[in-house]
Amino acid sequence: MKKSAIHSRAGLFLTEMIFSILVLALTSAVCIQLFASARSNQKEARNWNHIEELIISAGEIMEGTDGNPDQFLNLMPEGELSGNNLLYFYDSQWAPCSETNAVWKLTVSLSHASDYKQAVLAFQNADGTLVHQQTIRFPRLTSKKEAN
């Protein structure tokens with residue numbers, strides 16, 4: 001009888017060890033998922049920060065110029081003029097690149113009227129999906145000569 005009592009303690013210990021390993025494996029899996037999610041969120045935040053920087057740059061260009069594509073290209077020279085649009089291509093690190101290596105595409109559509117100047121910025125990813133679109137509009141300032 002004493003042998004079976006010793007044997008049941010070993011079985012209980014083995015069960016506790018299996019349960020402990022199972023709990024550790026589950027918590028490890030949860031931690032790995034959290035780390036992967038944090039990395040993904042970091043990449044997404046970095047992309048949104050670059051988009052925000054480009055919108056701010058375009059806004060400053062629009063505010064300081066008359067909205068002419070040539071002036072825009074002087075201040076943001078990496079672009080190409082395509083019809084009425086300016087096209088900018090960026091790689092995965094947001095460095096300017098050619099269209100063939102592009103992961104991001106920025107299309108700037110400039111327009112103006114007698115009382116305002118406007119730019120529509122459209123950001124697309126590599127598969128052509130529209131990620132974000134922003135319209136920037138500033139009043140067109142007239143000089144004293146034009147007003148008279």
# chains A, B, ... in the order shown; residues from 1 in each chain; ligands from 1

call {"tool": "select_by_dssp", "arguments": {"residues": "chain A", "states": "strand (DSSP E or B)", "output": "number ranges by chain"}}
result
A: 80-82, 85-90, 96, 104-112, 116-124, 130-139

call {"tool": "residues_around", "arguments": {"residues": "Glu78 of chain A", "least_positions_apart": "6", "cutoff": "10 Å", "atoms": "only C-alpha atoms", "output": "ChimeraX atom specification"}}
result
/A:86-90,95-98

call {"tool": "write_last_selection", "arguments": {"atoms": "N, CA and C atoms", "output": "CSV table (one decimal), in the first residue's frame"}}
result
chain,number,residue,atom,x,y,z
A,86,LEU,N,0.6,66.8,-59.7
A,86,LEU,CA,2.0,66.5,-59.4
A,86,LEU,C,2.0,65.1,-58.7
A,87,LEU,N,3.0,64.3,-59.1
A,87,LEU,CA,3.1,62.9,-58.6
A,87,LEU,C,4.4,62.8,-57.8
A,88,TYR,N,4.3,62.2,-56.6
A,88,TYR,CA,5.4,61.9,-55.8
A,88,TYR,C,5.4,60.4,-55.4
A,89,PHE,N,6.6,59.8,-55.5
A,89,PHE,CA,6.6,58.4,-55.2
A,89,PHE,C,7.6,58.2,-54.1
A,90,TYR,N,7.3,57.3,-53.1
A,90,TYR,CA,8.1,57.0,-51.9
A,90,TYR,C,8.3,55.5,-51.7
A,95,ALA,N,11.5,57.5,-48.5
A,95,ALA,CA,12.5,58.2,-49.3
A,95,ALA,C,12.0,58.3,-50.7
A,96,PRO,N,12.2,59.5,-51.4
A,96,PRO,CA,11.7,59.6,-52.7
A,96,PRO,C,12.3,58.6,-53.6
A,97,CYS,N,11.5,58.0,-54.6
A,97,CYS,CA,12.1,57.0,-55.4
A,97,CYS,C,11.3,57.0,-56.8
A,98,SER,N,11.6,56.1,-57.7
A,98,SER,CA,10.9,56.0,-58.9
A,98,SER,C,9.6,55.3,-58.8

call {"tool": "select_by_dssp", "arguments": {"residues": "chain A", "states": "helix (DSSP H, G or I)", "output": "MDAnalysis selection string"}}
result
chainID A and resid 2:64 69:75 99:101 144:147

call {"tool": "residues_around", "arguments": {"residues": "Phe138 of chain A", "least_positions_apart": "5", "cutoff": "10 Å", "atoms": "only C-alpha atoms", "output": "short mmCIF file (atom, residue, chain, number, x, y, z; two decimals) with all heavy atoms, in the first residue's frame"}}
result
data_model
loop_
_atom_site.label_atom_id
_atom_site.label_comp_id
_atom_site.auth_asym_id
_atom_site.auth_seq_id
_atom_site.Cartn_x
_atom_site.Cartn_y
_atom_site.Cartn_z
N GLY A 59 0.89 72.30 -47.30
CA GLY A 59 0.14 73.45 -46.81
C GLY A 59 1.00 74.69 -46.73
O GLY A 59 0.57 75.79 -47.10
N MET A 62 1.59 75.91 -50.24
CA MET A 62 0.39 76.57 -50.77
C MET A 62 0.21 77.95 -50.14
O MET A 62 -0.20 78.89 -50.81
CB MET A 62 -0.85 75.72 -50.52
CG MET A 62 -0.95 74.50 -51.39
SD MET A 62 -1.06 74.89 -53.13
CE MET A 62 -2.68 75.62 -53.20
N GLU A 63 0.48 78.06 -48.87
CA GLU A 63 0.30 79.34 -48.19
C GLU A 63 1.30 80.38 -48.69
O GLU A 63 0.97 81.55 -48.85
CB GLU A 63 0.45 79.15 -46.68
CG GLU A 63 0.18 80.41 -45.89
CD GLU A 63 0.29 80.18 -44.39
OE1 GLU A 63 1.02 79.26 -43.97
OE2 GLU A 63 -0.36 80.93 -43.64
N GLY A 64 2.53 79.95 -48.97
CA GLY A 64 3.57 80.90 -49.34
C GLY A 64 3.69 81.18 -50.82
O GLY A 64 4.46 82.05 -51.21
N ASP A 66 1.59 81.13 -54.96
CA ASP A 66 0.28 81.36 -55.58
C ASP A 66 -0.38 80.08 -56.06
O ASP A 66 -1.38 80.11 -56.76
CB ASP A 66 0.38 82.39 -56.70
CG ASP A 66 1.22 81.91 -57.87
OD1 ASP A 66 1.76 80.79 -57.79
OD2 ASP A 66 1.32 82.64 -58.86
N GLY A 67 0.19 78.91 -55.73
CA GLY A 67 -0.40 77.63 -56.11
C GLY A 67 0.01 77.15 -57.48
O GLY A 67 -0.59 76.23 -58.03
N HIS A 112 -7.12 76.69 -58.64
CA HIS A 112 -7.30 78.00 -58.04
C HIS A 112 -8.42 78.74 -58.75
O HIS A 112 -8.80 78.43 -59.87
CB HIS A 112 -6.01 78.83 -58.08
CG HIS A 112 -5.37 78.90 -59.42
ND1 HIS A 112 -5.82 79.70 -60.43
CD2 HIS A 112 -4.30 78.24 -59.91
CE1 HIS A 112 -5.05 79.55 -61.49
NE2 HIS A 112 -4.13 78.66 -61.20
N ASP A 115 -10.58 83.86 -55.89
CA ASP A 115 -10.52 84.16 -54.46
C ASP A 115 -9.83 83.10 -53.60
O ASP A 115 -9.65 83.30 -52.41
CB ASP A 115 -11.93 84.42 -53.94
CG ASP A 115 -12.86 83.25 -54.15
OD1 ASP A 115 -12.56 82.40 -55.00
OD2 ASP A 115 -13.88 83.17 -53.45
N TYR A 116 -9.42 81.96 -54.17
CA TYR A 116 -8.74 80.93 -53.37
C TYR A 116 -7.78 80.12 -54.23
O TYR A 116 -7.88 80.10 -55.46
CB TYR A 116 -9.73 80.01 -52.67
CG TYR A 116 -10.49 79.10 -53.61
CD1 TYR A 116 -9.98 77.86 -53.97
CD2 TYR A 116 -11.72 79.48 -54.14
CE1 TYR A 116 -10.67 77.02 -54.84
CE2 TYR A 116 -12.42 78.65 -55.00
CZ TYR A 116 -11.88 77.43 -55.35
OH TYR A 116 -12.55 76.61 -56.21
N LYS A 117 -6.88 79.43 -53.56
CA LYS A 117 -5.99 78.45 -54.17
C LYS A 117 -6.14 77.17 -53.37
O LYS A 117 -6.33 77.20 -52.16
CB LYS A 117 -4.55 78.95 -54.19
CG LYS A 117 -4.04 79.42 -52.85
CD LYS A 117 -2.71 80.11 -52.95
CE LYS A 117 -2.36 80.72 -51.59
NZ LYS A 117 -1.14 81.47 -51.64
N GLN A 118 -6.09 76.03 -54.06
CA GLN A 118 -6.43 74.77 -53.40
C GLN A 118 -5.52 73.65 -53.88
O GLN A 118 -5.11 73.63 -55.04
CB GLN A 118 -7.89 74.44 -53.72
CG GLN A 118 -8.36 73.10 -53.23
CD GLN A 118 -9.83 72.89 -53.51
OE1 GLN A 118 -10.65 73.65 -53.02
NE2 GLN A 118 -10.16 71.89 -54.30
N ALA A 119 -5.25 72.72 -53.00
CA ALA A 119 -4.52 71.50 -53.34
C ALA A 119 -5.26 70.33 -52.71
O ALA A 119 -5.65 70.38 -51.54
CB ALA A 119 -3.09 71.55 -52.82
#

call {"tool": "atom_distance", "arguments": {"atom1": "atom CA of Cys31 of chain A", "atom2": "atom CA of Trp48 of chain A"}}
result
25.6 Å

call {"tool": "atom_distance", "arguments": {"atom1": "atom CA of Ser92 of chain A", "atom2": "atom CA of Glu44 of chain A"}}
result
11.6 Å

call {"tool": "closest_residue", "arguments": {"among": "A:Glu80, A:Glu60, A:Glu16, A:Glu99", "to": "Ile136 of chain A", "atoms": "only C-alpha atoms"}}
result
A:Glu60

call {"tool": "closest_residue", "arguments": {"among": "A:Ser109, A:Asn47, A:Thr100, A:Thr15", "to": "Gly83 of chain A", "atoms": "only C-alpha atoms"}}
result
A:Ser109

call {"tool": "atom_distance", "arguments": {"atom1": "atom CA of Thr65 of chain A", "atom2": "atom CA of Ala102 of chain A"}}
result
28.1 Å
